[in-house]
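Below is target.cif, which holds mmCIF, C-alpha atoms.
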data_final
loop_
_atom_site.label_atom_id
_atom_site.label_comp_id
_atom_site.auth_asym_id
_atom_site.auth_seq_id
_atom_site.Cartn_x
_atom_site.Cartn_y
_atom_site.Cartn_z
CA MET A 1 12.94 22.92 -10.33
CA GLU A 2 14.86 19.79 -9.23
CA GLY A 3 13.04 17.78 -11.92
CA GLU A 4 14.02 20.42 -14.48
CA LEU A 5 17.63 20.32 -13.29
CA LEU A 6 17.71 16.55 -13.78
CA THR A 7 16.14 16.96 -17.24
CA VAL A 8 18.66 19.62 -18.31
CA ILE A 9 21.51 17.39 -17.09
CA ILE A 10 20.12 14.51 -19.18
CA VAL A 11 19.70 16.81 -22.20
CA VAL A 12 23.26 18.17 -21.95
CA ALA A 13 24.60 14.62 -21.51
CA THR A 14 22.57 13.53 -24.56
CA ALA A 15 23.92 16.48 -26.57
CA LEU A 16 27.47 15.50 -25.67
CA ALA A 17 26.67 11.89 -26.55
CA PHE A 18 25.43 13.15 -29.94
CA ASP A 19 28.66 15.10 -30.30
CA PHE A 20 30.57 11.91 -29.54
CA THR A 21 28.60 9.98 -32.19
CA ASN A 22 29.16 12.89 -34.58
CA GLY A 23 32.92 12.50 -34.11
CA PHE A 24 32.59 8.74 -34.31
CA HIS A 25 30.44 8.88 -37.45
CA ASP A 26 31.71 11.93 -39.35
CA THR A 27 35.34 12.44 -38.58
CA ALA A 28 36.32 9.14 -40.07
CA ASN A 29 35.54 10.87 -43.37
CA VAL A 30 38.19 13.45 -42.53
CA VAL A 31 40.98 10.91 -42.24
CA ALA A 32 39.84 8.48 -44.94
CA THR A 33 41.78 10.13 -47.76
CA SER A 34 45.01 10.26 -45.74
CA ILE A 35 44.66 6.56 -44.95
CA SER A 36 43.62 5.62 -48.48
CA THR A 37 46.73 7.22 -50.01
CA ARG A 38 48.92 5.86 -47.18
CA ALA A 39 49.93 9.37 -46.16
CA MET A 40 49.26 8.37 -42.54
CA ALA A 41 48.70 5.13 -40.64
CA PRO A 42 45.06 4.71 -39.48
CA ARG A 43 45.67 5.09 -35.75
CA LEU A 44 47.99 8.07 -36.22
CA ALA A 45 45.52 9.75 -38.61
CA VAL A 46 42.64 9.31 -36.18
CA GLY A 47 44.64 10.60 -33.18
CA TYR A 48 45.86 13.59 -35.20
CA ALA A 49 42.30 14.37 -36.37
CA ALA A 50 41.00 14.11 -32.79
CA ILE A 51 43.51 16.70 -31.53
CA LEU A 52 42.73 19.12 -34.37
CA ASN A 53 38.98 18.57 -33.95
CA PHE A 54 39.38 19.70 -30.34
CA ALA A 55 41.35 22.78 -31.37
CA GLY A 56 38.94 23.64 -34.19
CA ALA A 57 36.01 23.90 -31.82
CA PHE A 58 37.53 27.05 -30.28
CA ILE A 59 37.98 29.01 -33.51
CA SER A 60 34.49 30.43 -34.06
CA LEU A 61 30.92 30.59 -32.67
CA GLU A 62 29.07 31.66 -35.84
CA VAL A 63 27.57 28.24 -36.54
CA ALA A 64 26.51 27.82 -32.89
CA ALA A 65 24.69 31.16 -33.17
CA THR A 66 22.85 29.98 -36.29
CA VAL A 67 21.73 26.72 -34.65
CA ALA A 68 20.63 28.50 -31.48
CA ASN A 69 18.85 31.44 -33.18
CA ASP A 70 17.87 30.71 -36.77
CA VAL A 71 16.44 27.18 -37.03
CA VAL A 72 13.63 27.24 -34.46
CA ASP A 73 12.31 30.02 -32.23
CA PRO A 74 14.48 29.89 -29.08
CA GLY A 75 11.66 31.63 -27.19
CA ASP A 76 9.40 28.56 -27.63
CA ILE A 77 11.98 25.85 -27.08
CA THR A 78 11.51 23.28 -24.30
CA LEU A 79 13.92 20.77 -22.82
CA LEU A 80 11.87 17.85 -24.15
CA VAL A 81 12.03 19.24 -27.70
CA VAL A 82 15.81 19.50 -27.53
CA PHE A 83 16.03 16.01 -26.04
CA ALA A 84 13.74 14.46 -28.68
CA GLY A 85 15.63 16.23 -31.49
CA LEU A 86 18.92 14.88 -30.19
CA ILE A 87 17.56 11.34 -29.95
CA GLY A 88 16.31 11.64 -33.55
CA ALA A 89 19.81 12.61 -34.67
CA ILE A 90 21.60 9.97 -32.59
CA ALA A 91 19.26 7.20 -33.76
CA TRP A 92 19.73 8.19 -37.42
CA ASN A 93 23.52 8.41 -36.96
CA LEU A 94 23.59 4.91 -35.47
CA ILE A 95 21.40 3.47 -38.23
CA THR A 96 23.52 4.96 -41.03
CA TRP A 97 26.74 4.01 -39.23
CA TYR A 98 25.49 0.42 -38.96
CA PHE A 99 24.83 0.26 -42.69
CA GLY A 100 28.08 2.10 -43.55
CA LEU A 101 26.40 5.14 -45.12
CA PRO A 102 28.17 8.49 -44.66
CA SER A 103 25.00 10.54 -44.14
CA SER A 104 25.05 13.95 -42.46
CA SER A 105 25.07 14.23 -38.66
CA SER A 106 24.37 17.94 -39.01
CA HIS A 107 21.24 17.46 -41.05
CA ALA A 108 20.19 14.67 -38.69
CA LEU A 109 20.51 17.09 -35.77
CA ILE A 110 18.60 19.90 -37.46
CA GLY A 111 15.98 17.44 -38.77
CA GLY A 112 15.53 15.97 -35.30
CA ILE A 113 15.06 19.35 -33.64
CA VAL A 114 12.66 20.56 -36.36
CA GLY A 115 10.58 17.35 -36.19
CA ALA A 116 10.26 17.52 -32.41
CA MET A 117 9.47 21.25 -32.48
CA LEU A 118 6.86 20.75 -35.20
CA VAL A 119 4.96 18.22 -33.08
CA ALA A 120 5.45 20.11 -29.81
CA GLN A 121 4.83 23.75 -30.75
CA GLY A 122 3.54 23.79 -34.33
CA PRO A 123 4.93 25.10 -37.64
CA ASP A 124 4.92 28.79 -36.62
CA THR A 125 7.90 28.22 -34.30
CA ILE A 126 10.11 26.91 -37.10
CA PHE A 127 12.08 29.31 -39.29
CA PHE A 128 11.52 27.48 -42.57
CA GLY A 129 12.53 30.38 -44.84
CA GLU A 130 15.70 32.19 -43.83
CA GLY A 131 16.72 29.50 -41.35
CA ILE A 132 16.02 26.07 -42.85
CA VAL A 133 16.09 26.97 -46.57
CA GLY A 134 18.58 29.88 -46.49
CA LYS A 135 21.06 28.57 -43.92
CA VAL A 136 20.71 24.80 -44.07
CA MET A 137 19.19 23.48 -47.31
CA LEU A 138 20.82 25.84 -49.80
CA PRO A 139 24.31 25.40 -48.32
CA ALA A 140 23.58 21.65 -48.31
CA VAL A 141 23.47 21.83 -52.12
CA VAL A 142 26.07 24.57 -52.66
CA ALA A 143 28.84 23.21 -50.39
CA PRO A 144 29.32 19.75 -51.95
CA THR A 145 28.96 21.20 -55.45
CA LEU A 146 31.53 23.85 -54.64
CA ALA A 147 33.88 21.29 -53.07
CA PHE A 148 33.43 19.10 -56.17
CA ALA A 149 34.36 22.00 -58.47
CA VAL A 150 37.27 23.30 -56.34
CA ALA A 151 38.77 19.81 -55.96
CA GLY A 152 38.33 19.15 -59.69
CA ILE A 153 39.98 22.39 -60.77
CA SER A 154 42.73 21.92 -58.18
CA ILE A 155 43.67 18.44 -59.32
CA LEU A 156 43.71 19.47 -62.99
CA LEU A 157 45.97 22.38 -62.08
CA LEU A 158 48.21 20.14 -59.97
CA TYR A 159 48.66 17.65 -62.80
CA ARG A 160 49.65 20.55 -65.09
CA ILE A 161 52.19 21.82 -62.54
CA VAL A 162 53.84 18.54 -61.47
CA GLY A 163 52.84 16.24 -64.35
CA ARG A 164 56.32 16.07 -65.91
CA LEU A 165 58.17 15.28 -62.70
CA ARG A 166 59.23 11.82 -61.62
CA PRO A 167 56.37 10.20 -59.67
CA GLY A 168 58.42 9.21 -56.59
CA PRO A 169 59.21 12.66 -55.17
CA VAL A 170 55.78 13.96 -56.19
CA THR A 171 53.96 11.20 -54.33
CA GLY A 172 56.19 11.74 -51.32
CA GLY A 173 55.61 15.49 -51.45
CA PHE A 174 51.85 15.20 -51.60
CA ARG A 175 51.81 12.61 -48.83
CA GLY A 176 53.65 15.19 -46.72
CA GLY A 177 51.16 17.81 -47.92
CA GLN A 178 48.30 15.61 -46.80
CA ILE A 179 49.51 15.94 -43.22
CA ILE A 180 48.77 19.66 -43.60
CA SER A 181 45.57 19.34 -45.65
CA GLY A 182 44.26 16.49 -43.47
CA GLY A 183 44.97 18.59 -40.39
CA LEU A 184 43.11 21.54 -41.87
CA LEU A 185 40.17 19.33 -42.72
CA ALA A 186 40.04 18.02 -39.13
CA LEU A 187 40.29 21.58 -37.83
CA ALA A 188 37.44 22.61 -40.17
CA HIS A 189 35.32 19.68 -39.03
CA GLY A 190 35.81 20.60 -35.38
CA THR A 191 34.95 24.20 -36.14
CA ASN A 192 31.67 23.47 -37.92
CA ASP A 193 30.39 20.33 -36.21
CA ALA A 194 31.27 20.90 -32.55
CA GLN A 195 29.50 24.25 -32.81
CA LYS A 196 26.21 22.56 -33.69
CA THR A 197 26.27 20.76 -30.34
CA MET A 198 27.18 24.04 -28.63
CA GLY A 199 24.13 25.64 -30.30
CA VAL A 200 21.84 22.82 -29.15
CA ILE A 201 23.14 22.96 -25.57
CA ALA A 202 22.59 26.72 -25.70
CA LEU A 203 18.96 26.04 -26.71
CA ALA A 204 18.60 23.67 -23.72
CA LEU A 205 20.02 26.34 -21.41
CA VAL A 206 17.54 28.86 -22.86
CA ALA A 207 14.70 26.40 -22.14
CA TYR A 208 16.04 25.91 -18.60
CA GLY A 209 16.22 29.68 -18.10
CA SER A 210 19.96 30.05 -17.57
CA LEU A 211 20.57 31.78 -20.94
CA PRO A 212 18.49 34.62 -22.43
CA ALA A 213 16.48 33.70 -25.58
CA GLY A 214 17.65 36.98 -27.17
CA ASP A 215 21.38 36.15 -26.90
CA PRO A 216 22.01 32.42 -26.44
CA THR A 217 25.81 32.56 -26.71
CA PRO A 218 27.22 29.26 -25.36
CA PRO A 219 29.26 29.67 -22.14
CA PHE A 220 32.91 28.53 -22.10
CA TRP A 221 32.21 25.21 -20.33
CA VAL A 222 29.89 24.32 -23.21
CA VAL A 223 32.63 25.06 -25.76
CA VAL A 224 35.19 22.94 -23.87
CA SER A 225 32.85 20.00 -23.30
CA ALA A 226 31.62 19.98 -26.93
CA ALA A 227 35.23 20.11 -28.16
CA ALA A 228 36.22 17.23 -25.87
CA ALA A 229 33.21 15.09 -26.84
CA ILE A 230 33.77 15.37 -30.59
CA ALA A 231 37.50 14.74 -30.16
CA LEU A 232 36.84 11.60 -28.10
CA GLY A 233 34.32 10.42 -30.68
CA THR A 234 36.87 10.95 -33.40
CA TYR A 235 39.45 8.95 -31.53
CA ALA A 236 37.01 6.11 -31.03
CA GLY A 237 36.78 6.14 -34.82
CA GLY A 238 34.26 5.11 -37.45
CA TRP A 239 36.26 2.46 -39.22
CA ARG A 240 33.49 1.12 -41.42
CA ILE A 241 32.84 4.56 -42.90
CA ILE A 242 36.55 5.15 -43.50
CA LYS A 243 36.35 2.24 -45.92
CA THR A 244 33.49 3.79 -47.91
CA MET A 245 34.96 7.27 -48.16
CA GLY A 246 38.59 6.38 -48.74
CA SER A 247 38.53 3.66 -51.33
CA ARG A 248 35.02 2.64 -52.34
CA ILE A 249 34.21 5.95 -54.09
CA HIS A 250 37.41 5.75 -56.11
CA LYS A 251 41.03 4.81 -55.65
CA MET A 252 42.98 8.03 -55.29
CA ASP A 253 46.60 9.06 -55.54
CA SER A 254 48.23 11.38 -53.00
CA ALA A 255 47.77 14.49 -55.21
CA GLN A 256 44.05 13.77 -55.44
CA GLY A 257 43.93 13.22 -51.68
CA PHE A 258 45.66 16.55 -51.12
CA ALA A 259 43.33 18.37 -53.54
CA ALA A 260 40.20 16.78 -52.02
CA GLN A 261 41.23 17.60 -48.45
CA GLY A 262 42.28 21.15 -49.37
CA ALA A 263 39.01 21.82 -51.19
CA GLY A 264 36.94 20.31 -48.38
CA ALA A 265 38.76 22.31 -45.71
CA ALA A 266 38.45 25.57 -47.68
CA VAL A 267 34.69 25.17 -48.19
CA ILE A 268 33.97 24.11 -44.59
CA LEU A 269 36.10 26.86 -43.03
CA ALA A 270 34.61 29.57 -45.27
CA SER A 271 31.09 28.30 -44.52
CA SER A 272 31.82 28.24 -40.78
CA HIS A 273 32.85 31.87 -40.98
CA GLY A 274 29.54 32.63 -42.72
CA GLY A 275 27.60 30.80 -39.97
CA PHE A 276 26.34 27.99 -42.25
CA PRO A 277 25.89 24.69 -40.39
CA LEU A 278 26.66 22.53 -43.40
CA SER A 279 27.30 18.85 -43.62
CA THR A 280 31.00 18.12 -43.45
CA THR A 281 30.26 14.64 -44.80
CA HIS A 282 28.52 16.02 -47.90
CA THR A 283 31.31 18.49 -48.50
CA ILE A 284 34.14 15.98 -48.16
CA SER A 285 32.27 13.49 -50.36
CA GLY A 286 31.84 16.20 -53.01
CA ALA A 287 35.56 16.97 -52.89
CA VAL A 288 36.57 13.29 -53.06
CA ILE A 289 34.27 12.69 -56.04
CA GLY A 290 35.45 15.91 -57.73
CA SER A 291 39.10 14.95 -57.46
CA GLY A 292 38.32 11.59 -59.06
CA ALA A 293 35.92 12.80 -61.74
CA ALA A 294 38.34 15.49 -62.97
CA LYS A 295 40.95 12.83 -63.66
CA ARG A 296 38.64 10.27 -65.20
CA LEU A 297 34.85 10.04 -64.88
CA SER A 298 34.95 6.26 -64.85
CA ALA A 299 37.32 6.31 -61.86
CA VAL A 300 34.39 7.22 -59.61
CA ARG A 301 32.21 4.36 -58.45
CA TRP A 302 28.98 6.18 -59.16
CA GLY A 303 26.83 3.48 -57.55
CA VAL A 304 28.47 4.13 -54.17
CA ALA A 305 28.25 7.89 -54.77
CA GLY A 306 24.54 7.44 -55.57
CA ASN A 307 23.95 5.60 -52.27
CA ILE A 308 25.59 8.50 -50.46
CA VAL A 309 23.32 11.01 -52.24
CA ALA A 310 20.27 8.92 -51.36
CA ALA A 311 21.33 8.95 -47.69
CA TRP A 312 21.68 12.75 -47.87
CA ILE A 313 18.17 13.20 -49.22
CA VAL A 314 16.57 10.91 -46.66
CA THR A 315 18.43 12.27 -43.60
CA LEU A 316 16.42 15.45 -42.82
CA PRO A 317 12.93 13.87 -43.04
CA ALA A 318 14.03 10.61 -41.38
CA ALA A 319 15.64 12.34 -38.41
CA ALA A 320 12.64 14.71 -38.19
CA GLY A 321 10.33 11.67 -38.06
CA ILE A 322 12.36 10.00 -35.31
CA GLY A 323 12.54 13.32 -33.40
CA ALA A 324 8.76 13.76 -33.62
CA LEU A 325 8.14 10.16 -32.56
CA THR A 326 10.57 10.49 -29.65
CA TYR A 327 8.80 13.65 -28.49
CA GLY A 328 5.48 11.80 -28.57
CA VAL A 329 6.88 8.84 -26.59
CA THR A 330 8.60 11.14 -24.08
CA ARG A 331 5.38 13.10 -23.45
CA ILE A 332 3.57 9.89 -22.47
CA PHE A 333 5.57 10.15 -19.24
CA GLY A 334 4.70 13.84 -18.69
CA THR A 335 7.00 16.86 -18.90
CA GLY A 336 9.49 15.78 -16.23
CA ALA A 337 12.63 13.67 -16.32
CA ALA A 338 10.86 10.28 -16.50
CA GLY A 339 10.41 10.36 -20.30
CA PRO A 340 14.04 11.25 -21.08
CA ILE A 341 15.26 8.57 -18.63
CA VAL A 342 13.14 5.85 -20.27
CA VAL A 343 14.04 6.93 -23.83
CA SER A 344 17.76 7.22 -22.92
CA ALA A 345 17.68 3.68 -21.54
CA LEU A 346 16.03 2.44 -24.75
CA ILE A 347 18.54 4.19 -27.03
CA LEU A 348 21.46 2.87 -24.94
CA ALA A 349 20.09 -0.64 -25.22
CA GLY A 350 19.58 -0.22 -28.98
CA SER A 351 23.13 1.13 -29.36
CA ALA A 352 24.55 -1.81 -27.43
CA VAL A 353 22.74 -4.25 -29.74
CA LEU A 354 24.02 -2.47 -32.89
CA PHE A 355 27.60 -2.25 -31.58
CA SER A 356 27.69 -5.91 -30.60
CA ARG A 357 26.31 -6.94 -34.01
CA ARG A 358 28.92 -4.77 -35.75
CA ALA A 359 31.66 -6.26 -33.60
CA GLN A 360 30.50 -9.77 -34.55
CA GLN A 361 30.64 -8.77 -38.23
CA GLY A 362 34.29 -7.63 -37.82
CA GLY A 363 34.00 -3.84 -38.19
CA GLY A 364 37.08 -3.23 -36.09
CA VAL A 365 40.38 -1.46 -36.53
CA ALA A 366 42.00 -4.41 -38.24
CA ALA A 367 39.44 -4.32 -41.04
CA ALA A 368 40.17 -0.67 -41.71
CA SER A 369 43.89 -1.27 -41.79
CA GLU A 370 43.38 -3.88 -44.46
CA ALA A 371 41.16 -1.59 -46.59
CA MET B 1 8.43 35.88 -49.63
CA SER B 2 10.45 34.63 -52.63
CA VAL B 3 13.28 32.15 -52.26
CA ALA B 4 15.75 34.81 -53.48
CA ALA B 5 14.73 37.16 -50.65
CA ILE B 6 15.35 34.66 -47.85
CA ILE B 7 18.91 33.91 -48.90
CA ASP B 8 21.84 35.81 -47.41
CA TRP B 9 23.50 36.35 -50.78
CA ASP B 10 26.44 38.34 -49.37
CA ALA B 11 27.44 35.54 -47.01
CA LEU B 12 26.86 32.84 -49.62
CA LEU B 13 28.86 34.58 -52.34
CA THR B 14 31.67 35.25 -49.87
CA VAL B 15 31.77 31.54 -49.06
CA ILE B 16 31.91 30.69 -52.77
CA TRP B 17 34.73 33.04 -53.77
CA ALA B 18 36.75 32.53 -50.56
CA SER B 19 36.53 28.73 -50.92
CA ALA B 20 37.52 28.85 -54.58
CA VAL B 21 40.47 31.20 -54.02
CA ALA B 22 41.72 29.39 -50.90
CA GLY B 23 41.15 25.85 -52.21
CA VAL B 24 42.62 26.30 -55.67
CA GLY B 25 45.26 28.85 -54.58
CA VAL B 26 46.72 26.82 -51.72
CA THR B 27 46.72 23.64 -53.79
CA ALA B 28 48.46 25.35 -56.71
CA ALA B 29 50.99 27.00 -54.37
CA PHE B 30 51.80 23.61 -52.85
CA GLY B 31 52.17 22.18 -56.36
CA PHE B 32 54.73 24.90 -57.13
CA ALA B 33 56.51 24.11 -53.84
CA ILE B 34 56.88 20.48 -54.94
CA LEU B 35 57.86 21.45 -58.49
CA GLY B 36 60.47 23.92 -57.26
CA GLY B 37 61.89 21.64 -54.57
CA THR B 38 62.07 18.56 -56.80
CA ARG B 39 63.61 20.37 -59.79
CA ALA B 40 66.07 22.26 -57.55
CA LEU B 41 67.38 18.96 -56.14
CA GLU B 42 67.60 17.36 -59.59
CA LEU B 43 69.37 20.37 -61.16
CA GLY B 44 71.71 20.63 -58.18
CA ARG B 45 72.75 16.99 -58.69
CA GLU B 46 73.30 17.70 -62.40
CA GLY B 47 75.68 20.56 -61.51
CA ARG B 48 73.46 23.42 -62.70
CA PRO B 49 73.43 25.66 -59.60
CA GLY B 50 71.88 28.75 -61.26
CA GLU B 51 68.77 26.96 -62.44
CA ALA B 52 68.64 24.99 -59.19
CA ALA B 53 68.58 28.25 -57.24
CA LEU B 54 65.79 29.59 -59.46
CA PHE B 55 63.63 26.50 -58.92
CA GLY B 56 64.54 26.59 -55.23
CA ALA B 57 63.16 30.11 -55.06
CA VAL B 58 59.93 28.98 -56.79
CA GLY B 59 59.61 26.14 -54.29
CA GLY B 60 60.32 28.46 -51.36
CA LEU B 61 57.76 31.00 -52.53
CA GLY B 62 55.18 28.26 -52.96
CA ALA B 63 55.80 26.97 -49.43
CA VAL B 64 55.66 30.49 -47.95
CA ALA B 65 52.39 31.16 -49.81
CA VAL B 66 50.83 27.98 -48.37
CA ILE B 67 51.87 28.84 -44.81
CA ALA B 68 50.78 32.47 -45.17
CA ALA B 69 47.36 31.48 -46.56
CA ILE B 70 46.74 29.03 -43.69
CA VAL B 71 47.75 31.54 -41.00
CA PHE B 72 45.67 34.28 -42.65
CA GLY B 73 42.64 31.99 -42.90
CA ILE B 74 42.78 30.98 -39.24
CA VAL B 75 43.24 34.59 -38.11
CA VAL B 76 40.22 35.71 -40.17
CA LEU B 77 38.12 32.85 -38.82
CA SER B 78 38.92 33.55 -35.19
CA GLU B 79 38.17 37.28 -35.42
#
Show this structure as structure tokens.
Amino acid sequence: MEGELLTVIIVVATALAFDFTNGFHDTANVVATSISTRAMAPRLAVGYAAILNFAGAFISLEVAATVANDVVDPGDITLLVVFAGLIGAIAWNLITWYFGLPSSSSHALIGGIVGAMLVAQGPDTIFFGEGIVGKVMLPAVVAPTLAFAVAGISILLLYRIVGRLRPGPVTGGFRGGQIISGGLLALAHGTNDAQKTMGVIALALVAYGSLPAGDPTPPFWVVVSAAAAIALGTYAGGWRIIKTMGSRIHKMDSAQGFAAQGAGAAVILASSHGGFPLSTTHTISGAVIGSGAAKRLSAVRWGVAGNIVAAWIVTLPAAAGIGALTYGVTRIFGTGAAGPIVVSALILAGSAVLFSRRAQQGGGVAAASEA
Amino acid sequence: MSVAAIIDWDALLTVIWASAVAGVGVTAAFGFAILGGTRALELGREGRPGEAALFGAVGGLGAVAVIAAIVFGIVVLSE
């Protein structure tokens, strides 16, 4: 039992570390448009997003319920499966962060868990139909498409409404509006993404025996700790990805920024209410591209958008592969805490190498400010 | 089991229409808030108080609609 307690502590710590990397990796996307249009200074935008991420995590538990109940069979879950799935997601997040690709942390998490579960317990314990296809893969296609369409229609409508006004007050007005829309987007991100970590911790607590498999509702301490971890990750910032999302897809004006953030927030919040654990990165990218394409198709740098799509497609299988591999490596050391300790040490060492290489290449705050 | 049968169509369609209405509606309302506010100030400076008041009302309604939609959305989400 003491060995299991140590393992569950490592798994919960790993889940919170994933949540931190999720904030670090994903939430930069939330503030990129505000920074790109100069609605907010980078540091202010990141701090603001961190606070609203924290608040957003308390709004709903629908997505946490989906992750805990509908992806894999909670009755067959083990602590090592949860651990290996988390390592798969963290490793994929770090790799895509290093290369500046805004791939999906959510799909990495679900891919990691599914890969580890597949190797550990077999395909019968995975809910491929209603869970993976119905609640993950279909929304993965619908949400960015919807955000693309909503942002496109919104910006066309906005240009009709304010098109004859002098540009100065309009730009100022939409920059002010972006404080609201950017805040809503950060709130939406906290709502959808922090809940995925809550769902995974709930699965770990089911495996440990402290939550029933029939009703794995996350306890309050899980909600608070997941909210704090994603908010801290946000504050730490993902400056390299801010550059990709904010200006490399297309240069946007403040009305486009407002439309993109409003569309992204609307889609993510509505999906959270429906319990769909969608990718906030995909959705925001769809909205950013939609707001640019509606104005002028050539304004979008389609090569960069294509790289983002490629990262989306690869994420689920890649994270599943890393999750499966991690489970295999962890099991070499038995079913106790030794495997997670060794793998955690390896991932920490790998992270340190990647961070130091990024620091040497100048991926700091100053670079983002110049972008 | 067919793909159509494993999809929660009710939830998915709700997400689609709610996102479209909220996204486009709030953005348009904010656009009217800017239009009304900007024109009201310009017309006020030009000494046309009646038209300025009309545009001011449009701007005010737009702003109220944005705030109301956000509050309503958060209340619905947290229920």
Decode the PyMOL selection byres ((chain B) within 6 of (chain A)) for the given file into explicit residues and return them as a count of residues only. 13
Run the PyMOL selection byres ((chain A and resi 19) around 7) against the file shown and list the residues it catches, as an NGL selection string. :A and (15-18 or 20-23 or 194 or 197 or 226 or 229-230)
May I have the residues from that selection written out with C-alpha atoms, as a JSON list (two decimals), in the frame of the given file?
[["chain", "number", "residue", "atom", "x", "y", "z"],
["A", 15, "ALA", "CA", 23.92, 16.48, -26.57],
["A", 16, "LEU", "CA", 27.47, 15.50, -25.67],
["A", 17, "ALA", "CA", 26.67, 11.89, -26.55],
["A", 18, "PHE", "CA", 25.43, 13.15, -29.94],
["A", 20, "PHE", "CA", 30.57, 11.91, -29.54],
["A", 21, "THR", "CA", 28.60, 9.98, -32.19],
["A", 22, "ASN", "CA", 29.16, 12.89, -34.58],
["A", 23, "GLY", "CA", 32.92, 12.50, -34.11],
["A", 194, "ALA", "CA", 31.27, 20.90, -32.55],
["A", 197, "THR", "CA", 26.27, 20.76, -30.34],
["A", 226, "ALA", "CA", 31.62, 19.98, -26.93],
["A", 229, "ALA", "CA", 33.21, 15.09, -26.84],
["A", 230, "ILE", "CA", 33.77, 15.37, -30.59]]
Every residue with an atom at most 10 Å from (64.8, 24.3, -53.5) (file coordinates; all atoms listed in the file) is what I'm after, so could you write them as an mmCIF file with C-alpha atoms, in the coordinates of the input?
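Saved the output as result-v6.cif:
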data_model
loop_
_atom_site.group_PDB
_atom_site.id
_atom_site.type_symbol
_atom_site.label_atom_id
_atom_site.label_comp_id
_atom_site.auth_asym_id
_atom_site.auth_seq_id
_atom_site.Cartn_x
_atom_site.Cartn_y
_atom_site.Cartn_z
ATOM 1 C CA ALA B 33 56.510 24.110 -53.840
ATOM 2 C CA ILE B 34 56.880 20.480 -54.940
ATOM 3 C CA LEU B 35 57.860 21.450 -58.490
ATOM 4 C CA GLY B 36 60.470 23.920 -57.260
ATOM 5 C CA GLY B 37 61.890 21.640 -54.570
ATOM 6 C CA THR B 38 62.070 18.560 -56.800
ATOM 7 C CA ARG B 39 63.610 20.370 -59.790
ATOM 8 C CA ALA B 40 66.070 22.260 -57.550
ATOM 9 C CA LEU B 41 67.380 18.960 -56.140
ATOM 10 C CA GLU B 42 67.600 17.360 -59.590
ATOM 11 C CA LEU B 43 69.370 20.370 -61.160
ATOM 12 C CA GLY B 44 71.710 20.630 -58.180
ATOM 13 C CA ALA B 52 68.640 24.990 -59.190
ATOM 14 C CA ALA B 53 68.580 28.250 -57.240
ATOM 15 C CA LEU B 54 65.790 29.590 -59.460
ATOM 16 C CA PHE B 55 63.630 26.500 -58.920
ATOM 17 C CA GLY B 56 64.540 26.590 -55.230
ATOM 18 C CA ALA B 57 63.160 30.110 -55.060
ATOM 19 C CA VAL B 58 59.930 28.980 -56.790
ATOM 20 C CA GLY B 59 59.610 26.140 -54.290
ATOM 21 C CA GLY B 60 60.320 28.460 -51.360
ATOM 22 C CA LEU B 61 57.760 31.000 -52.530
#
Answer key for the PyMOL selection byres ((chain A and resi 96) around 12), residues as a ChimeraX atom specification: /A:21-22,24-26,89-95,97-105,108,238,240-241,307-308,310-312,314-315,318-319,354
Keeping C-alpha atoms for every residue in the selection just given, could you write it to a file as an mmCIF file, in the coordinates of the input?
data_model
loop_
_atom_site.group_PDB
_atom_site.id
_atom_site.type_symbol
_atom_site.label_atom_id
_atom_site.label_comp_id
_atom_site.auth_asym_id
_atom_site.auth_seq_id
_atom_site.Cartn_x
_atom_site.Cartn_y
_atom_site.Cartn_z
ATOM 1 C CA THR A 21 28.600 9.980 -32.190
ATOM 2 C CA ASN A 22 29.160 12.890 -34.580
ATOM 3 C CA PHE A 24 32.590 8.740 -34.310
ATOM 4 C CA HIS A 25 30.440 8.880 -37.450
ATOM 5 C CA ASP A 26 31.710 11.930 -39.350
ATOM 6 C CA ALA A 89 19.810 12.610 -34.670
ATOM 7 C CA ILE A 90 21.600 9.970 -32.590
ATOM 8 C CA ALA A 91 19.260 7.200 -33.760
ATOM 9 C CA TRP A 92 19.730 8.190 -37.420
ATOM 10 C CA ASN A 93 23.520 8.410 -36.960
ATOM 11 C CA LEU A 94 23.590 4.910 -35.470
ATOM 12 C CA ILE A 95 21.400 3.470 -38.230
ATOM 13 C CA TRP A 97 26.740 4.010 -39.230
ATOM 14 C CA TYR A 98 25.490 0.420 -38.960
ATOM 15 C CA PHE A 99 24.830 0.260 -42.690
ATOM 16 C CA GLY A 100 28.080 2.100 -43.550
ATOM 17 C CA LEU A 101 26.400 5.140 -45.120
ATOM 18 C CA PRO A 102 28.170 8.490 -44.660
ATOM 19 C CA SER A 103 25.000 10.540 -44.140
ATOM 20 C CA SER A 104 25.050 13.950 -42.460
ATOM 21 C CA SER A 105 25.070 14.230 -38.660
ATOM 22 C CA ALA A 108 20.190 14.670 -38.690
ATOM 23 C CA GLY A 238 34.260 5.110 -37.450
ATOM 24 C CA ARG A 240 33.490 1.120 -41.420
ATOM 25 C CA ILE A 241 32.840 4.560 -42.900
ATOM 26 C CA ASN A 307 23.950 5.600 -52.270
ATOM 27 C CA ILE A 308 25.590 8.500 -50.460
ATOM 28 C CA ALA A 310 20.270 8.920 -51.360
ATOM 29 C CA ALA A 311 21.330 8.950 -47.690
ATOM 30 C CA TRP A 312 21.680 12.750 -47.870
ATOM 31 C CA VAL A 314 16.570 10.910 -46.660
ATOM 32 C CA THR A 315 18.430 12.270 -43.600
ATOM 33 C CA ALA A 318 14.030 10.610 -41.380
ATOM 34 C CA ALA A 319 15.640 12.340 -38.410
ATOM 35 C CA LEU A 354 24.020 -2.470 -32.890
#
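One distance worth recording is that between atom CA of Leu325 of chain A and atom CA of Leu5 of chain A, which is 23.8 Å.
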